[in-house]
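See below for start05.cif, which holds mmCIF, C-alpha atoms.
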```cif
data_entry
#
loop_
_atom_site.label_atom_id
_atom_site.label_comp_id
_atom_site.auth_asym_id
_atom_site.auth_seq_id
_atom_site.Cartn_x
_atom_site.Cartn_y
_atom_site.Cartn_z
CA ASP F 1177 46.93 113.99 106.72
CA THR F 1178 46.88 114.77 110.46
CA GLY F 1179 48.31 118.28 110.33
CA VAL F 1180 46.64 121.55 111.31
CA SER F 1181 43.67 122.29 109.09
CA GLN F 1182 41.92 125.60 108.54
CA ASP F 1183 38.60 126.38 106.95
CA PRO F 1184 37.86 128.14 104.71
CA ARG F 1185 41.05 128.64 102.74
CA HIS F 1186 39.73 131.82 101.17
CA LYS F 1187 37.00 134.25 102.20
CA ILE F 1188 35.80 137.38 100.43
CA THR F 1189 33.42 139.54 102.41
CA LYS F 1190 31.91 142.97 102.24
CA ARG F 1191 33.00 145.62 104.69
CA GLY F 1192 30.83 145.54 107.78
CA GLN F 1193 30.02 141.84 107.61
CA ASN F 1194 31.02 139.31 110.26
CA VAL F 1195 33.25 136.36 109.40
CA THR F 1196 34.28 133.24 111.30
CA PHE F 1197 37.24 130.98 110.66
CA ARG F 1198 37.83 127.51 112.03
CA CYS F 1199 41.06 125.76 113.00
CA ASP F 1200 41.47 122.08 113.80
CA PRO F 1201 44.84 121.51 115.51
CA ILE F 1202 46.87 118.33 115.67
CA SER F 1203 44.81 116.17 118.00
CA GLU F 1204 47.24 115.71 120.90
CA HIS F 1205 48.40 119.34 120.94
CA ASN F 1206 47.38 121.34 124.00
CA ARG F 1207 48.33 124.75 122.67
CA LEU F 1208 46.69 126.56 119.79
CA TYR F 1209 47.75 129.92 118.34
CA TRP F 1210 46.33 132.44 115.93
CA TYR F 1211 48.57 134.69 113.82
CA ARG F 1212 47.86 137.29 111.18
CA GLN F 1213 50.04 137.95 108.16
CA THR F 1214 49.81 140.87 105.76
CA LEU F 1215 51.52 141.02 102.40
CA GLY F 1216 55.31 141.17 102.62
CA GLN F 1217 55.39 140.84 106.40
CA GLY F 1218 56.08 137.94 108.73
CA PRO F 1219 53.22 136.48 110.77
CA GLU F 1220 52.14 138.47 113.86
CA PHE F 1221 50.91 136.77 117.01
CA LEU F 1222 47.25 137.39 117.91
CA THR F 1223 46.33 134.99 120.71
CA TYR F 1224 46.85 131.54 122.15
CA PHE F 1225 45.00 128.88 124.08
CA GLN F 1226 46.15 126.16 126.39
CA ASN F 1227 43.36 123.60 126.22
CA GLU F 1228 40.19 125.73 126.43
CA ALA F 1229 41.76 128.65 128.31
CA GLN F 1230 42.75 131.75 126.36
CA LEU F 1231 46.00 132.70 128.06
CA GLU F 1232 47.27 135.65 126.08
CA LYS F 1233 45.93 138.21 123.63
CA SER F 1234 47.98 140.63 121.58
CA ARG F 1235 47.00 144.29 121.53
CA LEU F 1236 46.51 143.68 117.79
CA LEU F 1237 43.34 141.81 118.75
CA SER F 1238 40.79 144.63 118.82
CA ASP F 1239 37.33 144.39 120.38
CA ARG F 1240 35.96 143.27 117.03
CA PHE F 1241 37.99 140.07 117.21
CA SER F 1242 37.06 137.12 119.39
CA ALA F 1243 38.53 133.65 119.58
CA GLU F 1244 37.21 130.56 121.29
CA ARG F 1245 38.31 127.01 121.89
CA PRO F 1246 35.27 125.64 123.70
CA LYS F 1247 36.29 122.04 124.35
CA GLY F 1248 40.01 122.38 124.01
CA SER F 1249 39.96 120.94 120.51
CA PHE F 1250 39.06 123.09 117.49
CA SER F 1251 39.09 126.89 117.66
CA THR F 1252 37.17 129.66 115.94
CA LEU F 1253 38.24 133.22 115.22
CA GLU F 1254 35.43 135.69 114.58
CA ILE F 1255 35.82 139.18 113.20
CA GLN F 1256 32.82 141.45 113.59
CA ARG F 1257 32.10 144.48 111.40
CA THR F 1258 35.03 143.74 109.10
CA GLU F 1259 37.15 146.60 107.78
CA GLN F 1260 39.42 146.72 104.75
CA GLY F 1261 42.42 146.72 107.07
CA ASP F 1262 41.41 143.24 108.25
CA SER F 1263 42.38 141.81 104.86
CA ALA F 1264 45.19 139.39 105.61
CA MET F 1265 46.13 135.73 105.94
CA TYR F 1266 44.98 134.29 109.25
CA LEU F 1267 47.20 131.43 110.37
CA CYS F 1268 46.55 128.85 113.05
CA ALA F 1269 49.26 126.79 114.72
CA SER F 1270 49.40 124.18 117.45
CA SER F 1271 52.04 122.68 119.69
CA LEU F 1272 52.57 120.49 122.70
CA VAL F 1273 53.09 122.17 126.04
CA PHE F 1274 55.96 119.93 127.02
CA GLY F 1275 58.52 118.01 125.04
CA ASN F 1276 58.89 119.01 121.41
CA THR F 1277 58.40 122.75 121.27
CA GLU F 1278 57.98 123.30 117.56
CA ALA F 1279 54.75 124.84 116.39
CA PHE F 1280 52.95 123.36 113.39
CA PHE F 1281 51.09 125.78 111.17
CA GLY F 1282 48.03 125.34 109.01
CA GLN F 1283 47.74 126.62 105.46
CA GLY F 1284 45.88 129.71 106.59
CA THR F 1285 42.65 131.48 105.66
CA ARG F 1286 43.06 134.38 103.28
CA LEU F 1287 40.51 137.10 104.03
CA THR F 1288 39.71 139.83 101.53
CA VAL F 1289 37.40 142.62 102.66
CA VAL F 1290 35.89 144.59 99.76
CA ASP R 546 62.61 137.68 122.64
CA ALA R 547 65.78 139.11 121.11
CA LYS R 548 65.63 140.92 117.78
CA THR R 549 67.13 139.12 114.79
CA THR R 550 68.53 140.64 111.60
CA GLN R 551 68.58 138.84 108.24
CA PRO R 552 69.43 139.94 104.70
CA PRO R 553 66.23 140.65 102.75
CA SER R 554 67.10 138.35 99.87
CA MET R 555 69.61 135.79 98.63
CA ASP R 556 70.12 133.69 95.52
CA CYS R 557 71.48 130.19 95.23
CA ALA R 558 72.13 127.82 92.33
CA GLU R 559 70.31 124.51 92.38
CA GLY R 560 72.46 121.75 93.85
CA ARG R 561 74.73 124.14 95.72
CA ALA R 562 74.69 124.84 99.43
CA ALA R 563 72.55 127.76 100.57
CA ASN R 564 73.99 129.56 103.61
CA LEU R 565 71.52 131.91 105.27
CA PRO R 566 72.96 134.20 107.96
CA CYS R 567 71.20 135.63 110.98
CA ASN R 568 72.42 138.15 113.56
CA HIS R 569 71.03 138.02 117.09
CA SER R 570 73.57 140.05 119.05
CA THR R 571 71.23 140.64 122.02
CA ILE R 572 70.22 137.02 122.48
CA SER R 573 69.99 135.94 126.10
CA GLY R 574 71.27 132.73 127.57
CA ASN R 575 67.93 130.96 127.64
CA GLU R 576 66.87 131.85 124.10
CA TYR R 577 67.02 129.27 121.37
CA VAL R 578 67.55 130.07 117.70
CA TYR R 579 64.68 128.72 115.61
CA TRP R 580 64.38 128.63 111.85
CA TYR R 581 61.11 128.42 109.95
CA ARG R 582 60.42 128.80 106.27
CA GLN R 583 57.33 129.78 104.36
CA ILE R 584 56.73 128.66 100.83
CA HIS R 585 54.40 130.88 98.84
CA SER R 586 50.75 130.66 99.98
CA GLN R 587 51.50 128.11 102.70
CA GLY R 588 51.88 128.33 106.46
CA PRO R 589 55.35 128.50 108.02
CA GLN R 590 57.20 125.20 108.35
CA TYR R 591 59.61 124.38 111.17
CA ILE R 592 63.15 123.61 110.00
CA ILE R 593 65.50 123.35 112.95
CA HIS R 594 66.45 124.92 116.28
CA GLY R 595 69.45 125.06 118.60
CA LEU R 596 70.78 126.64 121.77
CA LYS R 597 74.58 126.47 121.73
CA ASN R 598 75.67 123.44 119.77
CA ASN R 599 75.49 122.98 116.05
CA GLU R 600 72.49 120.94 114.98
CA THR R 601 71.67 118.86 111.93
CA ASN R 602 68.52 117.16 110.78
CA GLU R 603 67.20 115.80 107.51
CA MET R 604 66.38 119.27 106.23
CA ALA R 605 69.29 121.47 107.24
CA SER R 606 72.22 122.25 109.51
CA LEU R 607 72.39 125.08 112.01
CA ILE R 608 75.73 126.60 112.94
CA ILE R 609 75.73 128.89 115.98
CA THR R 610 78.82 130.97 116.77
CA GLU R 611 80.51 130.43 120.09
CA ASP R 612 79.36 133.82 121.41
CA ARG R 613 75.84 132.99 120.15
CA LYS R 614 75.51 136.40 118.50
CA SER R 615 74.96 134.96 115.05
CA SER R 616 74.02 131.77 113.28
CA THR R 617 73.87 130.28 109.80
CA LEU R 618 71.27 127.95 108.38
CA ILE R 619 72.75 125.64 105.77
CA LEU R 620 70.69 123.83 103.13
CA PRO R 621 73.38 121.47 101.82
CA HIS R 622 71.98 120.81 98.34
CA ALA R 623 69.37 123.42 97.51
CA THR R 624 66.55 122.50 95.14
CA LEU R 625 63.98 124.67 93.38
CA ARG R 626 61.47 123.62 96.06
CA ASP R 627 63.60 125.35 98.70
CA THR R 628 62.64 128.74 97.25
CA ALA R 629 60.86 130.37 100.20
CA VAL R 630 61.04 133.04 102.88
CA TYR R 631 63.30 131.90 105.73
CA TYR R 632 62.73 133.27 109.21
CA CYS R 633 65.29 133.25 112.02
CA ILE R 634 63.68 133.64 115.45
CA ALA R 635 65.20 133.97 118.93
CA TYR R 636 62.76 132.25 121.25
CA ALA R 637 62.84 131.61 124.96
CA GLY R 638 60.01 129.11 125.25
CA GLY R 639 58.74 128.72 128.79
CA THR R 640 55.49 130.63 129.25
CA SER R 641 55.84 131.91 125.68
CA TYR R 642 55.74 128.42 124.22
CA GLY R 643 54.85 128.71 120.58
CA LYS R 644 54.48 132.49 120.60
CA LEU R 645 56.97 133.31 117.89
CA THR R 646 58.08 136.78 116.87
CA PHE R 647 58.69 136.73 113.12
CA GLY R 648 60.72 139.41 111.34
CA GLN R 649 60.60 139.94 107.59
CA GLY R 650 62.93 137.03 106.89
CA THR R 651 65.18 136.29 103.92
CA ILE R 652 63.67 135.53 100.54
CA LEU R 653 65.77 132.69 99.16
CA THR R 654 65.51 132.13 95.43
CA VAL R 655 67.00 128.91 94.09
CA HIS R 656 67.60 129.09 90.36
CA PRO R 657 68.41 126.34 87.84
#
```
Show me, as structure tokens, the structure contained in the file I just sent.
Amino acid sequence: DTGVSQDPRHKITKRGQNVTFRCDPISEHNRLYWYRQTLGQGPEFLTYFQNEAQLEKSRLLSDRFSAERPKGSFSTLEIQRTEQGDSAMYLCASSLVFGNTEAFFGQGTRLTVV
Amino acid sequence: DAKTTQPPSMDCAEGRAANLPCNHSTISGNEYVYWYRQIHSQGPQYIIHGLKNNETNEMASLIITEDRKSSTLILPHATLRDTAVYYCIAYAGGTSYGKLTFGQGTILTVHP
């Protein structure tokens, strides 16, 4: 399967701990996106990269959140000092810059902060 | 991106056509209508998109009204596996490539 993969699929952490999620996009896709989804809501945009450059960040992305895509391939999303309100599904997606504009999503990482 | 309005839920019998409406009365000329769906515990899946003309692919058909203020996604022969949340998104692309604004969508339940 050459789709978008995310790791881990589930993460339970104690409040105050740091967590890091990984996303591997479809290999030829230049753009990579992170979204967050809480129960009963649609996904909300957090940030996106074109190659290794982070081009846009939502105001939802507080100072405790940081995302990287160091070599323009995989990406990591780190949350420092987790809070209960961070509990959500974190979704990664990727797309081409030109041509077909659809975004392909991974299965997500479900974070539970206890 | 323009706001879209969808009914919160719909039912459909297996084997029948599912017609999911979407209102986007403030859509601008360069905004496409995109449809995604999300099956429980999975990431959203692209279905189809269109600008002015009706579109069809192996999954669904998209009918856009002439004034582009509304559209309908048609699943011609719904199966139980089509039970999902369906999102209609007005999306301009360009510098916002891939940055999608999801609403709450329509929960489609296909029953036997």
Next item on the list: Do me a favour and pick out the residues of chain R within 6 Å of chain F, using only C-alpha atoms, as a ChimeraX atom specification.
Entry: /R:587-589,643,647-649
The selected residues should be written to file as a CSV table (one decimal), keeping the file's coordinate frame (atoms: C-alpha atoms).
```
chain,number,residue,atom,x,y,z
R,587,GLN,CA,51.5,128.1,102.7
R,588,GLY,CA,51.9,128.3,106.5
R,589,PRO,CA,55.4,128.5,108.0
R,643,GLY,CA,54.8,128.7,120.6
R,647,PHE,CA,58.7,136.7,113.1
R,648,GLY,CA,60.7,139.4,111.3
R,649,GLN,CA,60.6,139.9,107.6
```
Check: Neighbours of Asp1183 (chain F) within 7 Å (all atoms listed in the file; same-chain residues fewer than 4 positions away dropped), as a PyMOL selection string?
Finding: chain F and resi 1197-1199+1285
Notebook entry, point to check: Within 12 Å of Ile608 (chain R), counting all atoms listed in the file, which residues qualify if same-chain residues fewer than 4 places away don't, as a list in words?
Noted result: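 So, after excluding close chain neighbours, the residues are Asn564, Leu565, Pro566, Cys567, Val578, Tyr579, Trp580, Ile593, His594, Gly595, Leu596, Lys597, Asn598, Asn599, Glu600, Thr601, Asp612, Arg613, Lys614, Ser615, Ser616, Thr617, Leu618, Ile619 and Leu620 of chain R.
Note that CA of Tyr631 (chain R) and CA of Asn575 (chain R) are 22.4 Å apart.
Atom pair CA of Lys1187 (chain F) / CA of Phe1241 (chain F) has a distance of 16.1 Å (rounded to one decimal).
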Next item on the list: Considering all atoms listed in the file, return as a ChimeraX atom specification whatever protein or nucleic-acid residues lie within 8 Å of Leu625 (chain R), sequence-local ones (same chain, fewer than 4 positions apart) excluded.
Entry: /R:559,654-657
Note to self: At a cut-off of 8 Å, using only C-alpha atoms, what residues contact Tyr636 (chain R)? Leave out same-chain residues fewer than 5 positions from it and give the result as an NGL selection string.
What the structure shows: :R and (546-547 or 576-579 or 645-646)
